[in-house]
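Below: the structure, in C-alpha cells.
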Amino acid sequence: MKLDKSKIKLFSTIGSRATFGMVCLDLAKEIDNLMVLTSDVSTSAGLDRFKLKYPDKYLDVGIAEQNLIGVATGLSSGGHNVFTTTFAPFQTMRCFEQIKVNLGYMKKKVTMVGIASGVALGTLGFTHCAIEDLSLMRSIPGMTVISPADCGEVAKSVFAAAKHKGPIYIRLTGVANNPIVYNDDYKFEIGKPIKLEEGNDITIFATGSMVSRAVDASKILSKQNIKASVINVHTIKPLDINFVNKNSENRKLIVTVEEHSVIGGLASAISEANSQLINKSKQLSISLPDKYFQGGEYLDLLNKYNLNSEGIATTITKNLAI
C-alpha cells in the first residue's frame with residue numbers, strides 16, 4: 001500500500017483500530033477471496049463501513065474467540081484469505097490452543113489482528129490489556145509476529161500480511177492521535193527492521209507504540225552528547241538476527257523498548273539473537289514489569305513506567321553512568 005501525507009495524517013488521528021477498518025476497505029478492492037471475521041467488535045475494530053459495503057466478505061461469530069479461529073481455519077482451507085480481529089487478549093490467550101493446532105501445527109494462512117494491545121484499555125483493567133501476547137505468539141512455530149510502529153505501518157502490515165503465506169499475528173498498540181513515525185511513503189518488508197536514527201554510542205531497538213518515543217528520546221540524548229541508533233523492529237518474528245547483531249556489537253549499551261512485559265517480547269528476542277556474540281554489549285530492557293498492576297488512563301500508565309521519551313532517555317542515562 002502506498003501512503004501519502006493525507007492518509008498518514010488521517011490514520012494517525014483515528015488511531016490503529018480505525019485504521020485497520022479503513023485499510024480493509026482498500027484491501028477488499030484488491031483481494032476477491034478476502035474474508036474478515038470478528039468476535040462482536042465491528043465498531044471497535046473500525047469495520048462498520050466494511051460490513052455494510054462487503055457483507056459477503058464479513059462474518060461476526062459473536063463472543064466466541066475459540067470458534068473464531070476454527071471458522072477462520074475452515075474458510076482458509078476453502079481458499080479464502082482470512083483476517084480475524086478482536087481485542088488482543090481475547091485474540092491470543094482465549095483461543096491459544098486453537099491457534100497452536102489450527103494455525104501453527106496445521107500451517108493455515110490466517111492473519112490475526114489483536115486490537116488495543118498493551119495497556120491501551122488500562123481503564124478496564126487487565127482483563128482487557130495484553131502484556132503477554134508477543135511472548136505467546138512468538139512461541140508458536142511458523143507464526144510471524146508484527147508490531148507496527150504507527151498507523152501508516154498498520155496499513156503496510158495489513159497489505160503485506162495478505163500476501164504472506166503463513167499465519168501472522170499483527171499487534172496494534174496506541175490510541176487515537178497516534179504519533180507519526182513515517183511522514184512519507186517508505187518500503188516495508190516483513191522481517192526487515194528499519195534504522196531511523198544513526199549513532200555509534202548506543203542502539204535502541206523499539207517496537208510498536210514505543211518507536212516514536214524512542215526517536216524522541218534519542219534527540220534528548222543527543223543534547224547530552226550520547227549518539228543513539230534507533231531501530232524500528234516491526235517484525236518480532238522472524239527476527240533479522242544478522243541485522244540485530246551488527247547493530248549490537250561494541251556499543252556502550254543496547255536498549256529494548258516495548259509496551260509489553262519484560263518477559264518474552266522484544267527484550268527476549270534481542271537477547272536470544274545476541275547470545276552468541278563475542279563482543280556483547282550490556283543490554284537494558286525498558287518495558288512493563290512482570291506483574292499485574294493497577295489500571296488507569298493509557299498515557300498515565302506509560303508515564304508511570306517510564307515508557308515516554310523523557311523516561312526512556314533518563315533510564316538510559318542512569319544505566320550508562322553505572
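Residue names in the C-alpha cells use chain letters A, B, ... in the order shown, residue numbers from 1 in each chain, and ligand numbers from 1 in the order shown.
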
Can you pull out the residues contacting A:Phe11? Cut-off 10 Å, using only C-alpha atoms, and skip same-chain residues under 3 positions away; I want them as number ranges by chain.
A: 5-8, 14-20, 22-23, 150-155, 176-178, 180

Determine which residues of stretch 57-215 of chain A receive a DSSP assignment of strand (DSSP E), computed from the backbone, and state them as a PyMOL selection string.
chain A and resi 58-60+81-87+110-115+144-146+168-171+194-197+202-206

For those residues, write C-alpha atoms to a file as a PDB file, in the first residue's frame.
```
ATOM      1  CA  TYR A  58     -17.608 -10.197   6.619  1.00  0.00           C
ATOM      2  CA  LEU A  59     -18.640 -12.605   9.361  1.00  0.00           C
ATOM      3  CA  ASP A  60     -19.237 -11.968  13.056  1.00  0.00           C
ATOM      4  CA  ASN A  81      -7.649 -15.032   2.523  1.00  0.00           C
ATOM      5  CA  VAL A  82      -8.789 -14.666   6.134  1.00  0.00           C
ATOM      6  CA  PHE A  83      -8.308 -11.904   8.706  1.00  0.00           C
ATOM      7  CA  THR A  84      -9.608 -12.265  12.251  1.00  0.00           C
ATOM      8  CA  THR A  85      -9.809  -9.499  14.816  1.00  0.00           C
ATOM      9  CA  THR A  86     -10.829  -8.837  18.380  1.00  0.00           C
ATOM     10  CA  PHE A  87      -9.210  -7.298  21.450  1.00  0.00           C
ATOM     11  CA  VAL A 110      -4.862 -16.726   8.766  1.00  0.00           C
ATOM     12  CA  THR A 111      -3.921 -13.192   9.791  1.00  0.00           C
ATOM     13  CA  MET A 112      -4.912 -12.359  13.363  1.00  0.00           C
ATOM     14  CA  VAL A 113      -5.163  -8.700  14.325  1.00  0.00           C
ATOM     15  CA  GLY A 114      -5.049  -8.002  18.055  1.00  0.00           C
ATOM     16  CA  ILE A 115      -6.584  -4.585  18.640  1.00  0.00           C
ATOM     17  CA  THR A 144       5.035 -14.394  12.017  1.00  0.00           C
ATOM     18  CA  VAL A 145       4.638 -11.606  14.584  1.00  0.00           C
ATOM     19  CA  ILE A 146       4.347  -7.950  13.541  1.00  0.00           C
ATOM     20  CA  ILE A 168       0.523 -13.942  11.154  1.00  0.00           C
ATOM     21  CA  TYR A 169      -0.256 -12.011  14.299  1.00  0.00           C
ATOM     22  CA  ILE A 170      -0.410  -8.201  13.963  1.00  0.00           C
ATOM     23  CA  ARG A 171      -0.288  -6.375  17.299  1.00  0.00           C
ATOM     24  CA  ILE A 194      14.334  -0.178   9.717  1.00  0.00           C
ATOM     25  CA  LYS A 195      17.023   2.122  11.093  1.00  0.00           C
ATOM     26  CA  LEU A 196      15.523   5.529  11.819  1.00  0.00           C
ATOM     27  CA  GLU A 197      18.442   7.265  13.556  1.00  0.00           C
ATOM     28  CA  ILE A 202      24.169   3.025  21.892  1.00  0.00           C
ATOM     29  CA  THR A 203      21.460   1.227  19.951  1.00  0.00           C
ATOM     30  CA  ILE A 204      17.791   1.453  20.849  1.00  0.00           C
ATOM     31  CA  PHE A 205      15.620  -1.355  19.492  1.00  0.00           C
ATOM     32  CA  ALA A 206      11.970  -0.315  19.733  1.00  0.00           C
TER      33      ALA A 206
END
```

State, in Å with one decimal place, the distance from atom CA of A:Ile254 to atom CA of A:Leu134.
20.2 Å

Each residue of stretch 117-176 of chain A with at least one atom at most 8 Å from stretch 207-216 of chain A should appear once, together with its nearest atom pair and the corresponding distance in Å (one decimal); atoms considered: only C-alpha atoms; ordering: chain, then increasing residue number; output as a tab-separated table.
```
residue	atom	partner	partner_atom	distance
A:Ser147	CA	A:Gly208	CA	5.0
A:Pro148	CA	A:Gly208	CA	4.9
A:Ala149	CA	A:Gly208	CA	4.1
A:Asp150	CA	A:Ser209	CA	6.8
A:Arg171	CA	A:Gly208	CA	7.9
A:Leu172	CA	A:Gly208	CA	7.4
A:Thr173	CA	A:Ser209	CA	5.7
A:Gly174	CA	A:Ser209	CA	5.7
```

Please dump the current selection as a tab-separated table (two decimals), in the first residue's frame; keep C-alpha atoms.
```
chain	number	residue	atom	x	y	z
A	147	SER	CA	4.14	-4.90	15.80
A	148	PRO	CA	3.63	-1.74	13.66
A	149	ALA	CA	5.29	1.50	14.72
A	150	ASP	CA	2.49	3.84	13.66
A	171	ARG	CA	-0.29	-6.38	17.30
A	172	LEU	CA	-1.96	-2.95	17.31
A	173	THR	CA	-0.85	-0.56	20.04
A	174	GLY	CA	-1.67	3.02	20.92
```

List the neighbours of A:Asp185 out to 7 Å using only C-alpha atoms; skip same-chain residues closer than 2 positions along the sequence, and give me the result as a short mmCIF file (atom, residue, chain, number, x, y, z; two decimals) with N, CA and C atoms, in the first residue's frame.
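Once written, around.cif looks like this:
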```
data_model
loop_
_atom_site.label_atom_id
_atom_site.label_comp_id
_atom_site.auth_asym_id
_atom_site.auth_seq_id
_atom_site.Cartn_x
_atom_site.Cartn_y
_atom_site.Cartn_z
N LYS A 2 0.54 2.18 -0.86
CA LYS A 2 1.30 3.42 -0.92
C LYS A 2 0.64 4.47 -0.04
N LEU A 3 1.47 5.14 0.76
CA LEU A 3 0.98 6.16 1.67
C LEU A 3 1.21 7.55 1.10
N ASP A 4 0.28 8.46 1.38
CA ASP A 4 0.52 9.87 1.10
C ASP A 4 0.27 10.65 2.39
#
```

Residues near A:Gly21, cut-off 10 Å, only C-alpha atoms, skip fewer than 5 positions along chain, as a PyMOL selection string:
chain A and resi 16+26-27+36+42-51+155

Separation of atom CA of A:Val255 and atom CA of A:Gln91, in Å?
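Those two atoms sit 28.8 Å apart.
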
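We find atom CA of A:Ile236 and atom CA of A:Leu136 to be spaced 11.9 Å apart.
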
Out of A:Asn225, A:His234, A:Met137, A:Asn303, which residue has the shortest atom-to-atom distance to A:Gly104 when counting only C-alpha atoms?
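The shortest atom-to-atom distance to A:Gly104 comes from A:Met137.
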
Could you pull out all residues of stretch 71-298 of chain A with a DSSP call of alpha helix (DSSP H) and give them as JSON, numbers by chain?
{"A": [71, 72, 73, 74, 75, 76, 77, 88, 89, 90, 91, 92, 96, 97, 98, 133, 134, 135, 136, 137, 138, 151, 152, 153, 154, 155, 156, 157, 158, 159, 160, 161, 162, 163, 210, 211, 212, 213, 214, 215, 216, 217, 218, 219, 220, 221, 222, 241, 242, 243, 244, 245, 246, 266, 267, 268, 269, 270, 271, 272, 273, 274, 298]}

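Take the candidates A:Asp201, A:Glu189, A:Glu30, A:Asp184 and check each one against A:Pro238 using only C-alpha atoms; the shortest distance goes to A:Glu189.
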
Can you check which parts of stretch 161-234 of chain A lie within 9 Å of stretch 314-320 of chain A? Per residue, the shortest pair of atoms and distance in Å to one decimal, counting only C-alpha atoms, sorted by chain and number, as CSV.
```
residue,atom,partner,partner_atom,distance
A:Ala217,CA,A:Thr314,CA,8.7
A:Leu221,CA,A:Thr317,CA,7.8
A:Gln224,CA,A:Thr317,CA,9.0
A:Ile226,CA,A:Thr317,CA,8.7
```

Excluding A:Leu253 and residues on its chain fewer than 5 positions from it, collect all residues at most 6 Å away from it, counting only C-alpha atoms, and give them as number ranges by chain.
A: 202, 281-283

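Residues with any atom within 7 Å of A:Arg94, counting only C-alpha atoms and excluding same-chain neighbours fewer than 4 positions away, are Glu65, Gln66, Pro89 and Phe90 of chain A.
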
Leaving out A:Leu299 and any residue of its chain fewer than 5 positions from it, which residues lie within 9 Å of it when counting only C-alpha atoms, given as JSON, numbers by chain?
{"A": [120, 304, 307, 308]}

Can you write out as CSV which residues of stretch 113-182 of chain A fall within 6 Å of stretch 259-271 of chain A, alongside each residue's closest atom pair and its distance in Å to one decimal, counting only C-alpha atoms and ordering rows by chain and ascending residue number?
```
residue,atom,partner,partner_atom,distance
A:Gly118,CA,A:Glu259,CA,5.6
A:Ile131,CA,A:His260,CA,4.4
A:Leu134,CA,A:Gly265,CA,5.2
A:Ser135,CA,A:Gly264,CA,4.2
```

Residues as selected, C-alpha atoms, written as a JSON list (two decimals), in the first residue's frame, can you do that?
```
[["chain", "number", "residue", "atom", "x", "y", "z"],
["A", 118, "GLY", "CA", -0.54, -3.30, 25.57],
["A", 131, "ILE", "CA", 1.21, -7.52, 28.02],
["A", 134, "LEU", "CA", 4.15, -11.19, 21.97],
["A", 135, "SER", "CA", 5.50, -13.91, 24.23]]
```
